[in-house]
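S.K.: Next up is a structure, given as structure tokens.
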Amino acid sequence: MVTHRFGRRVLGVALLLWMSGCDKDEGPVCERLSPRLQRALEEAVLAEDLPGATASLRFQDCTWRGSAGVATVEPATGLKAEDRLRVGSITKSFVSVVALQLQAEGTLSLDAPLATWVPDFPRADRITVRQLLNHTSGAFNYTDSQAFLTQVESSPGKTWSAEELISVGAADSPSFEPGTRWEYSNTNYILLGRILESVTGMPLAQQLRTRILQPLHLDSTGLEGAEPLPPLTVRGHARDPRDGAWMDLTDFIHLSAAGAAGALNSSADDLSAFYQALFERSLLAPAQLAQMTDWVETPIPGMPGYGLGLVRAVTPVGPGHGHDGGIPGFSALAFYLPERKASLAVLTNREGADVSRITGRLLDVLATE
């Protein structure tokens with residue numbers, strides 16, 4: 001699956017690597033697959049030149065957890081399966097769930113115009129909440145703006161307001177007339193964050209915690225840059241294109257620059273639990289889940305559909321419903337596999353990693369089960 005990365009892609013390649021254990025909940029499937037899954041993860045870390053990766057494959061009766069590689073390059077510190085990493089645009093699935101819960105409660109209409117809350121945004125009277133959720137709004141992607149990238153590079157660590165990010169997106173909008181085609185844009189979700197806060201009178205981080213994180217006991221997940229969280233012990237990396245050395249990109253941006261579009265950090269286990277709860281438990285009512293999986297066609301090979309904060313991907317074991325994410329120093333992918341009643345999350349601490357190839361190795365193991 002092609003990833004939609006937050007911000008400027010920083011290229012890089014290679015590292016010294018150690019394997020760090022695997023954990024599993026007892027269960028027949030997990031027992032059988034555990035050695036092969038761990039070996040596949042270790043091989044993927046080597047083959048894809050990653051500092052490290054964590055993974056969680058969750059079935060209805062057991063969960064396999066694995067890790068390989070390092071959390072920090074210097075000094076080399078082993079990566080643990082329970083570690084938190086930044087997960088970028090996987091945040092969008094969580095934000096969409098909040099919007100759909102509000103719709104179910106009668107608080108938010110997905111057909112309401114953006115002008116209700118942000119009247120000055122170009123085409124705000126024609127853009128609906130639903131079009132923001134499924135990327136058919138025509139709002140220009142602020143992370144593709146040269147002005148934004150220049151300021152990020154010149155002012156690392158700058159704290160960004162939603163108003164600033166919306167203004168950057170507005171400056172080059174519309175990319176197309178609302179509803180006429182699909183094009184991924186982080187600006188859509190910054191606007192959604194503003195809408196959700198306006199509708200509820202509550203910060204987005206608090207809504208995520210109250211509606212999703214606490215009910216599901218996702219204790220290793222939070223909206224970085226928007227609430228107090230334990231410091232990350234995993235550093236994000238990329239290869240320096242000049243000499244191939246590892247660069248630490250963890251402090252390249254303040255996570256307020258991602259906000260509702262991509263500021264979540266989490267563990268692989270929390271993400272697999274989230275997507276399982278989304279499809280197998282009552283996180284959303286059936287009517288809202290049906291809307292979330294109402295796919296808009298995309299031009300991206302391997303990702304033929306986009307719903308409401310949700311991707312429909314092609315995998316070796318049937319469709320995968322979830323999201324990918326990238327942010328400086330980190331890459332991630334997580335989805336639910338309806339044909340296997342399983343969910344998989346893979347997190348890495350390398351910018352621009354091809355996470356689909358890593359997940360592919362793990363799914364090849366599952367496919368032979």
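Chain identifiers are assigned as A, B, and so on, following the order in which chains appear in the structure tokens; residues are numbered from 1 within each chain, and ligands are numbered from 1 in order of appearance.
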From segment 241-276 of chain A, collect each residue whose DSSP state is strand (DSSP E) and return the set as a PyMOL selection string.

M.R.: chain A and resi 246-248+264-266

S.K.: Given the selection you just returned, output its residues as a file containing all heavy atoms, formatted as a short mmCIF file (atom, residue, chain, number, x, y, z; two decimals), in the first residue's frame.

M.R.:
```cif
data_model
loop_
_atom_site.label_atom_id
_atom_site.label_comp_id
_atom_site.auth_asym_id
_atom_site.auth_seq_id
_atom_site.Cartn_x
_atom_site.Cartn_y
_atom_site.Cartn_z
N TRP A 246 22.98 7.51 10.12
CA TRP A 246 21.64 7.69 10.69
C TRP A 246 21.47 9.09 11.24
O TRP A 246 22.36 9.62 11.93
CB TRP A 246 21.38 6.67 11.80
CG TRP A 246 21.11 5.30 11.31
CD1 TRP A 246 21.93 4.21 11.43
CD2 TRP A 246 19.94 4.85 10.62
NE1 TRP A 246 21.35 3.11 10.85
CE2 TRP A 246 20.12 3.47 10.35
CE3 TRP A 246 18.77 5.47 10.20
CZ2 TRP A 246 19.17 2.71 9.67
CZ3 TRP A 246 17.81 4.72 9.53
CH2 TRP A 246 18.02 3.35 9.28
N MET A 247 20.34 9.70 10.93
CA MET A 247 19.96 10.99 11.51
C MET A 247 18.80 10.77 12.47
O MET A 247 17.90 9.97 12.18
CB MET A 247 19.51 11.97 10.42
CG MET A 247 20.53 12.26 9.35
SD MET A 247 19.91 13.51 8.18
CE MET A 247 18.52 12.64 7.44
N ASP A 248 18.80 11.48 13.58
CA ASP A 248 17.71 11.43 14.54
C ASP A 248 16.73 12.56 14.21
O ASP A 248 17.07 13.74 14.32
CB ASP A 248 18.25 11.59 15.96
CG ASP A 248 17.19 11.38 17.02
OD1 ASP A 248 16.00 11.65 16.75
OD2 ASP A 248 17.54 10.96 18.14
N LEU A 264 -0.85 11.33 16.78
CA LEU A 264 -0.99 10.24 17.75
C LEU A 264 0.32 9.48 17.91
O LEU A 264 1.04 9.25 16.94
CB LEU A 264 -2.07 9.27 17.26
CG LEU A 264 -2.96 8.60 18.31
CD1 LEU A 264 -3.79 9.62 19.06
CD2 LEU A 264 -3.87 7.59 17.63
N ASN A 265 0.65 9.12 19.16
CA ASN A 265 1.65 8.07 19.34
C ASN A 265 0.99 6.91 20.07
O ASN A 265 -0.01 7.07 20.77
CB ASN A 265 2.93 8.57 20.02
CG ASN A 265 2.78 8.93 21.48
OD1 ASN A 265 2.07 8.27 22.23
ND2 ASN A 265 3.48 9.97 21.92
N SER A 266 1.53 5.70 19.84
CA SER A 266 0.83 4.52 20.32
C SER A 266 1.77 3.32 20.29
O SER A 266 2.91 3.41 19.82
CB SER A 266 -0.40 4.25 19.43
OG SER A 266 -1.21 3.23 19.94
#
```

S.K.: Hey, what's within 8 Å of segment 267-276 of chain A if we count only C-alpha atoms and toss same-chain stuff fewer than 3 positions away? As an MDAnalysis selection string, please?

M.R.: chainID A and resid 54:58 65 81:85 216 218:221 279:281 322 334:336 342:347

S.K.: Keeping only N, CA, C and O atoms, write the selected residues to a file as an mmCIF file, in the first residue's frame.

M.R.:
```
data_model
loop_
_atom_site.group_PDB
_atom_site.id
_atom_site.type_symbol
_atom_site.label_atom_id
_atom_site.label_comp_id
_atom_site.auth_asym_id
_atom_site.auth_seq_id
_atom_site.Cartn_x
_atom_site.Cartn_y
_atom_site.Cartn_z
ATOM 1 N N THR A 54 8.122 -2.911 15.703
ATOM 2 C CA THR A 54 7.275 -3.677 16.616
ATOM 3 C C THR A 54 6.033 -4.106 15.855
ATOM 4 O O THR A 54 5.633 -3.466 14.876
ATOM 5 N N ALA A 55 5.399 -5.194 16.314
ATOM 6 C CA ALA A 55 4.213 -5.699 15.625
ATOM 7 C C ALA A 55 3.278 -6.370 16.620
ATOM 8 O O ALA A 55 3.711 -6.895 17.653
ATOM 9 N N SER A 56 1.998 -6.336 16.289
ATOM 10 C CA SER A 56 0.974 -7.024 17.085
ATOM 11 C C SER A 56 -0.037 -7.622 16.123
ATOM 12 O O SER A 56 -0.630 -6.907 15.323
ATOM 13 N N LEU A 57 -0.211 -8.943 16.191
ATOM 14 C CA LEU A 57 -1.208 -9.643 15.387
ATOM 15 C C LEU A 57 -2.226 -10.230 16.356
ATOM 16 O O LEU A 57 -1.917 -11.139 17.135
ATOM 17 N N ARG A 58 -3.440 -9.700 16.315
ATOM 18 C CA ARG A 58 -4.461 -10.014 17.313
ATOM 19 C C ARG A 58 -5.577 -10.846 16.694
ATOM 20 O O ARG A 58 -6.191 -10.437 15.703
ATOM 21 N N ARG A 65 2.804 -10.751 19.888
ATOM 22 C CA ARG A 65 3.505 -9.470 19.928
ATOM 23 C C ARG A 65 4.978 -9.712 19.647
ATOM 24 O O ARG A 65 5.574 -10.625 20.222
ATOM 25 N N ALA A 81 8.407 -4.751 22.480
ATOM 26 C CA ALA A 81 7.110 -4.880 21.813
ATOM 27 C C ALA A 81 6.100 -3.870 22.335
ATOM 28 O O ALA A 81 5.215 -3.428 21.604
ATOM 29 N N GLU A 82 6.216 -3.483 23.600
ATOM 30 C CA GLU A 82 5.243 -2.566 24.197
ATOM 31 C C GLU A 82 5.594 -1.090 24.013
ATOM 32 O O GLU A 82 4.848 -0.204 24.457
ATOM 33 N N ASP A 83 6.702 -0.786 23.350
ATOM 34 C CA ASP A 83 7.129 0.609 23.204
ATOM 35 C C ASP A 83 6.126 1.425 22.391
ATOM 36 O O ASP A 83 5.476 0.920 21.482
ATOM 37 N N ARG A 84 6.045 2.723 22.723
ATOM 38 C CA ARG A 84 5.261 3.683 21.943
ATOM 39 C C ARG A 84 6.107 4.224 20.797
ATOM 40 O O ARG A 84 7.293 4.511 20.969
ATOM 41 N N LEU A 85 5.478 4.413 19.640
ATOM 42 C CA LEU A 85 6.101 5.102 18.516
ATOM 43 C C LEU A 85 5.080 6.080 17.951
ATOM 44 O O LEU A 85 3.878 5.975 18.226
ATOM 45 N N LEU A 216 -11.495 1.537 25.818
ATOM 46 C CA LEU A 216 -10.782 0.372 25.282
ATOM 47 C C LEU A 216 -9.507 0.050 26.057
ATOM 48 O O LEU A 216 -8.777 -0.874 25.699
ATOM 49 N N LEU A 218 -6.715 1.696 26.146
ATOM 50 C CA LEU A 218 -5.530 1.913 25.309
ATOM 51 C C LEU A 218 -4.596 2.865 26.058
ATOM 52 O O LEU A 218 -4.514 4.066 25.785
ATOM 53 N N ASP A 219 -3.880 2.302 27.016
ATOM 54 C CA ASP A 219 -3.100 3.114 27.943
ATOM 55 C C ASP A 219 -1.785 3.603 27.362
ATOM 56 O O ASP A 219 -1.089 4.408 27.989
ATOM 57 N N SER A 220 -1.413 3.116 26.183
ATOM 58 C CA SER A 220 -0.150 3.526 25.565
ATOM 59 C C SER A 220 -0.379 4.426 24.357
ATOM 60 O O SER A 220 0.468 4.506 23.460
ATOM 61 N N THR A 221 -1.512 5.113 24.318
ATOM 62 C CA THR A 221 -1.865 5.954 23.175
ATOM 63 C C THR A 221 -2.248 7.350 23.648
ATOM 64 O O THR A 221 -2.881 7.513 24.691
ATOM 65 N N PHE A 279 -14.246 -3.147 14.482
ATOM 66 C CA PHE A 279 -14.984 -4.064 13.612
ATOM 67 C C PHE A 279 -15.684 -5.201 14.339
ATOM 68 O O PHE A 279 -16.588 -5.820 13.781
ATOM 69 N N GLU A 280 -15.298 -5.485 15.581
ATOM 70 C CA GLU A 280 -15.883 -6.635 16.266
ATOM 71 C C GLU A 280 -16.641 -6.271 17.532
ATOM 72 O O GLU A 280 -17.352 -7.115 18.082
ATOM 73 N N ARG A 281 -16.509 -5.027 17.995
ATOM 74 C CA ARG A 281 -17.196 -4.619 19.203
ATOM 75 C C ARG A 281 -18.026 -3.380 18.906
ATOM 76 O O ARG A 281 -18.195 -2.992 17.761
ATOM 77 N N GLY A 322 -7.954 -0.272 7.384
ATOM 78 C CA GLY A 322 -7.204 0.427 8.414
ATOM 79 C C GLY A 322 -6.598 1.709 7.895
ATOM 80 O O GLY A 322 -7.254 2.467 7.182
ATOM 81 N N ALA A 334 -1.557 -0.239 10.082
ATOM 82 C CA ALA A 334 -2.399 -1.101 10.917
ATOM 83 C C ALA A 334 -3.736 -1.302 10.230
ATOM 84 O O ALA A 334 -4.265 -0.367 9.617
ATOM 85 N N PHE A 335 -4.269 -2.515 10.311
ATOM 86 C CA PHE A 335 -5.584 -2.759 9.721
ATOM 87 C C PHE A 335 -6.232 -4.005 10.294
ATOM 88 O O PHE A 335 -5.603 -4.830 10.953
ATOM 89 N N TYR A 336 -7.532 -4.091 10.036
ATOM 90 C CA TYR A 336 -8.334 -5.260 10.393
ATOM 91 C C TYR A 336 -8.492 -6.127 9.154
ATOM 92 O O TYR A 336 -8.674 -5.618 8.042
ATOM 93 N N ALA A 342 -8.932 -10.921 12.300
ATOM 94 C CA ALA A 342 -7.671 -10.605 12.954
ATOM 95 C C ALA A 342 -7.311 -9.163 12.640
ATOM 96 O O ALA A 342 -7.795 -8.582 11.662
ATOM 97 N N SER A 343 -6.475 -8.572 13.479
ATOM 98 C CA SER A 343 -5.973 -7.222 13.196
ATOM 99 C C SER A 343 -4.463 -7.220 13.367
ATOM 100 O O SER A 343 -3.917 -7.936 14.206
ATOM 101 N N LEU A 344 -3.797 -6.424 12.558
ATOM 102 C CA LEU A 344 -2.335 -6.375 12.534
ATOM 103 C C LEU A 344 -1.869 -4.929 12.580
ATOM 104 O O LEU A 344 -2.423 -4.074 11.889
ATOM 105 N N ALA A 345 -0.863 -4.663 13.403
ATOM 106 C CA ALA A 345 -0.224 -3.343 13.437
ATOM 107 C C ALA A 345 1.285 -3.524 13.397
ATOM 108 O O ALA A 345 1.827 -4.394 14.086
ATOM 109 N N VAL A 346 1.945 -2.712 12.570
ATOM 110 C CA VAL A 346 3.403 -2.715 12.465
ATOM 111 C C VAL A 346 3.892 -1.277 12.571
ATOM 112 O O VAL A 346 3.437 -0.395 11.823
ATOM 113 N N LEU A 347 4.803 -1.019 13.501
ATOM 114 C CA LEU A 347 5.351 0.313 13.715
ATOM 115 C C LEU A 347 6.870 0.263 13.544
ATOM 116 O O LEU A 347 7.522 -0.684 14.001
#
```

S.K.: Would you list, as a ChimeraX atom specification, the residues of segment 75-189 of chain A that end up in alpha helix (DSSP H) under DSSP run on this structure's backbone?

M.R.: /A:91-104,129-133,146-154,162-171,186-189

S.K.: Considering only C-alpha atoms, give me a table of residues in segment 81-107 of chain A that are at most 9 Å from segment 282-302 of chain A, with the closest atom pair and distance in Å for each, as a Markdown table.

M.R.:
```
| residue | atom | partner | partner_atom | distance |
| --- | --- | --- | --- | --- |
| A:Ser96 | CA | A:Met292 | CA | 8.0 |
| A:Val97 | CA | A:Leu284 | CA | 7.2 |
| A:Leu100 | CA | A:Gln288 | CA | 5.9 |
| A:Gln101 | CA | A:Leu284 | CA | 6.6 |
| A:Gln103 | CA | A:Gln288 | CA | 8.0 |
| A:Ala104 | CA | A:Gln288 | CA | 7.1 |
```

S.K.: Take the residues just selected and output them with all heavy atoms as a compact mmCIF listing (two decimals), in the first residue's frame.

M.R.:
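Resulting contents of part-v8.txt:
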```
# COMPACT_ATOMS: atom_id res chain seq x y z
N SER A 96 -12.04 10.05 12.90
CA SER A 96 -13.26 9.69 12.19
C SER A 96 -14.25 9.00 13.12
O SER A 96 -15.47 9.24 13.05
CB SER A 96 -12.93 8.79 11.00
OG SER A 96 -14.10 8.43 10.30
N VAL A 97 -13.75 8.14 14.01
CA VAL A 97 -14.64 7.47 14.96
C VAL A 97 -15.36 8.49 15.83
O VAL A 97 -16.56 8.38 16.08
CB VAL A 97 -13.85 6.45 15.81
CG1 VAL A 97 -14.67 6.01 17.03
CG2 VAL A 97 -13.47 5.24 14.98
N LEU A 100 -18.12 10.12 13.83
CA LEU A 100 -19.25 9.22 13.60
C LEU A 100 -20.03 8.96 14.88
O LEU A 100 -21.26 8.79 14.84
CB LEU A 100 -18.75 7.92 12.98
CG LEU A 100 -18.36 8.06 11.50
CD1 LEU A 100 -17.45 6.92 11.07
CD2 LEU A 100 -19.59 8.12 10.62
N GLN A 101 -19.36 8.94 16.01
CA GLN A 101 -20.08 8.83 17.28
C GLN A 101 -20.95 10.06 17.50
O GLN A 101 -22.10 9.94 17.94
CB GLN A 101 -19.09 8.65 18.43
CG GLN A 101 -18.44 7.28 18.49
CD GLN A 101 -17.47 7.15 19.65
OE1 GLN A 101 -17.10 8.13 20.29
NE2 GLN A 101 -17.05 5.92 19.92
N GLN A 103 -22.19 11.92 15.17
CA GLN A 103 -23.32 11.80 14.24
C GLN A 103 -24.40 10.90 14.83
O GLN A 103 -25.60 11.22 14.79
CB GLN A 103 -22.85 11.23 12.91
CG GLN A 103 -23.97 11.18 11.86
CD GLN A 103 -23.75 10.10 10.81
OE1 GLN A 103 -23.26 9.02 11.12
NE2 GLN A 103 -24.13 10.40 9.58
N ALA A 104 -24.00 9.77 15.40
CA ALA A 104 -24.97 8.83 15.98
C ALA A 104 -25.75 9.47 17.13
O ALA A 104 -26.92 9.14 17.36
CB ALA A 104 -24.26 7.57 16.46
```

S.K.: For Glu369 of chain A, please output as a list in words all residues within 9 Å (counting only C-alpha atoms; exclusion window: fewer than 6 positions along the same chain).

M.R.: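 That gives Val29, Arg32 and Leu33 of chain A.
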
S.K.: Tell me which protein, DNA and RNA residues are within 8 Å of Val129 of chain A, counting only C-alpha atoms, leaving out same-chain ones fewer than 3 positions away, and put them as JSON, numbers by chain.

M.R.: {"A": [109, 110, 111, 112, 113, 114, 132, 133, 192]}

S.K.: Let's have the selection written as a PDB file, in the first residue's frame, with N, CA, C and O atoms.

M.R.:
```pdb
ATOM      1  N   SER A 109     -23.921  16.590  11.831  1.00  0.00           N
ATOM      2  CA  SER A 109     -24.353  16.060  10.534  1.00  0.00           C
ATOM      3  C   SER A 109     -23.154  15.999   9.594  1.00  0.00           C
ATOM      4  O   SER A 109     -22.424  16.992   9.439  1.00  0.00           O
ATOM      5  N   LEU A 110     -22.964  14.848   8.972  1.00  0.00           N
ATOM      6  CA  LEU A 110     -21.854  14.719   8.020  1.00  0.00           C
ATOM      7  C   LEU A 110     -22.135  15.472   6.729  1.00  0.00           C
ATOM      8  O   LEU A 110     -21.228  15.651   5.913  1.00  0.00           O
ATOM      9  N   ASP A 111     -23.361  15.907   6.533  1.00  0.00           N
ATOM     10  CA  ASP A 111     -23.709  16.671   5.336  1.00  0.00           C
ATOM     11  C   ASP A 111     -23.719  18.177   5.592  1.00  0.00           C
ATOM     12  O   ASP A 111     -24.024  18.966   4.685  1.00  0.00           O
ATOM     13  N   ALA A 112     -23.358  18.579   6.798  1.00  0.00           N
ATOM     14  CA  ALA A 112     -23.289  20.013   7.117  1.00  0.00           C
ATOM     15  C   ALA A 112     -22.109  20.644   6.394  1.00  0.00           C
ATOM     16  O   ALA A 112     -21.064  20.016   6.218  1.00  0.00           O
ATOM     17  N   PRO A 113     -22.234  21.897   5.963  1.00  0.00           N
ATOM     18  CA  PRO A 113     -21.125  22.559   5.264  1.00  0.00           C
ATOM     19  C   PRO A 113     -20.039  23.036   6.217  1.00  0.00           C
ATOM     20  O   PRO A 113     -20.327  23.425   7.366  1.00  0.00           O
ATOM     21  N   LEU A 114     -18.819  23.011   5.741  1.00  0.00           N
ATOM     22  CA  LEU A 114     -17.690  23.536   6.496  1.00  0.00           C
ATOM     23  C   LEU A 114     -17.920  24.974   6.921  1.00  0.00           C
ATOM     24  O   LEU A 114     -17.458  25.410   7.990  1.00  0.00           O
ATOM     25  N   LEU A 132     -14.615  16.065   3.925  1.00  0.00           N
ATOM     26  CA  LEU A 132     -13.372  16.192   4.682  1.00  0.00           C
ATOM     27  C   LEU A 132     -12.907  14.811   5.146  1.00  0.00           C
ATOM     28  O   LEU A 132     -11.725  14.472   5.052  1.00  0.00           O
ATOM     29  N   LEU A 133     -13.839  14.005   5.624  1.00  0.00           N
ATOM     30  CA  LEU A 133     -13.504  12.682   6.145  1.00  0.00           C
ATOM     31  C   LEU A 133     -12.964  11.750   5.070  1.00  0.00           C
ATOM     32  O   LEU A 133     -12.077  10.930   5.337  1.00  0.00           O
ATOM     33  N   LEU A 192     -11.305  19.095  10.457  1.00  0.00           N
ATOM     34  CA  LEU A 192     -12.180  18.244  11.263  1.00  0.00           C
ATOM     35  C   LEU A 192     -11.901  18.404  12.757  1.00  0.00           C
ATOM     36  O   LEU A 192     -12.833  18.420  13.575  1.00  0.00           O
TER      37      LEU A 192
END
```

S.K.: Contacts of segment 313-321 of chain A at 8 Å or less, counting only C-alpha atoms, minus same-chain residues fewer than 6 places along, as JSON, numbers by chain?

M.R.: {"A": [1, 302, 303, 304, 305, 335, 336, 337, 338, 339, 340, 360, 363, 364, 366, 367]}

S.K.: Can you write out as CSV which residues of segment 238-258 of chain A fall within 8 Å of segment 156-172 of chain A, alongside each residue's closest atom pair and its distance in Å to one decimal, counting only C-alpha atoms and ordering rows by chain and ascending residue number?

M.R.:
```
residue,atom,partner,partner_atom,distance
A:Asp251,CA,A:Gly157,CA,6.5
A:Phe252,CA,A:Pro156,CA,5.4
A:Ile253,CA,A:Gly157,CA,5.0
A:His254,CA,A:Gly157,CA,4.7
A:Leu255,CA,A:Thr159,CA,7.9
A:Ser256,CA,A:Trp160,CA,5.3
A:Ala257,CA,A:Trp160,CA,5.4
```

S.K.: Any idea what the distance is between atom CA of Thr107 of chain A and atom CA of Leu229 of chain A?

M.R.: 29.2 Å

S.K.: Contacts of Ser137 of chain A at 7 Å or less, counting only C-alpha atoms, minus same-chain residues fewer than 2 places along, as a list of chain:residue names?

M.R.: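 What passes the distance filter is A:Ile127, A:Gln131, A:Leu132, A:His135, A:Ala139, A:Pro178, A:Gly179.
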
S.K.: Could those selected residues go to a file with N, CA, C and O atoms, as a PDB file, in the first residue's frame?

M.R.:
```pdb
ATOM      1  N   ILE A 127     -18.197  22.494   0.748  1.00  0.00           N
ATOM      2  CA  ILE A 127     -17.482  21.357   1.339  1.00  0.00           C
ATOM      3  C   ILE A 127     -18.282  20.821   2.517  1.00  0.00           C
ATOM      4  O   ILE A 127     -18.680  21.572   3.408  1.00  0.00           O
ATOM      5  N   GLN A 131     -17.036  15.037   3.084  1.00  0.00           N
ATOM      6  CA  GLN A 131     -15.965  15.208   2.098  1.00  0.00           C
ATOM      7  C   GLN A 131     -14.615  15.450   2.758  1.00  0.00           C
ATOM      8  O   GLN A 131     -13.568  15.058   2.223  1.00  0.00           O
ATOM      9  N   LEU A 132     -14.615  16.065   3.925  1.00  0.00           N
ATOM     10  CA  LEU A 132     -13.372  16.192   4.682  1.00  0.00           C
ATOM     11  C   LEU A 132     -12.907  14.811   5.146  1.00  0.00           C
ATOM     12  O   LEU A 132     -11.725  14.472   5.052  1.00  0.00           O
ATOM     13  N   HIS A 135     -11.662  12.741   1.986  1.00  0.00           N
ATOM     14  CA  HIS A 135     -10.682  13.398   1.115  1.00  0.00           C
ATOM     15  C   HIS A 135     -11.220  13.710  -0.283  1.00  0.00           C
ATOM     16  O   HIS A 135     -10.506  13.576  -1.280  1.00  0.00           O
ATOM     17  N   ALA A 139      -9.644  20.517  -0.544  1.00  0.00           N
ATOM     18  CA  ALA A 139      -8.756  21.339   0.291  1.00  0.00           C
ATOM     19  C   ALA A 139      -7.301  20.963   0.012  1.00  0.00           C
ATOM     20  O   ALA A 139      -6.935  19.783   0.040  1.00  0.00           O
ATOM     21  N   PRO A 178     -15.135  20.701  -4.799  1.00  0.00           N
ATOM     22  CA  PRO A 178     -15.560  19.693  -3.830  1.00  0.00           C
ATOM     23  C   PRO A 178     -16.441  18.613  -4.455  1.00  0.00           C
ATOM     24  O   PRO A 178     -17.350  18.895  -5.228  1.00  0.00           O
ATOM     25  N   GLY A 179     -16.105  17.364  -4.123  1.00  0.00           N
ATOM     26  CA  GLY A 179     -16.902  16.237  -4.556  1.00  0.00           C
ATOM     27  C   GLY A 179     -16.615  15.718  -5.946  1.00  0.00           C
ATOM     28  O   GLY A 179     -17.220  14.726  -6.367  1.00  0.00           O
TER      29      GLY A 179
END
```
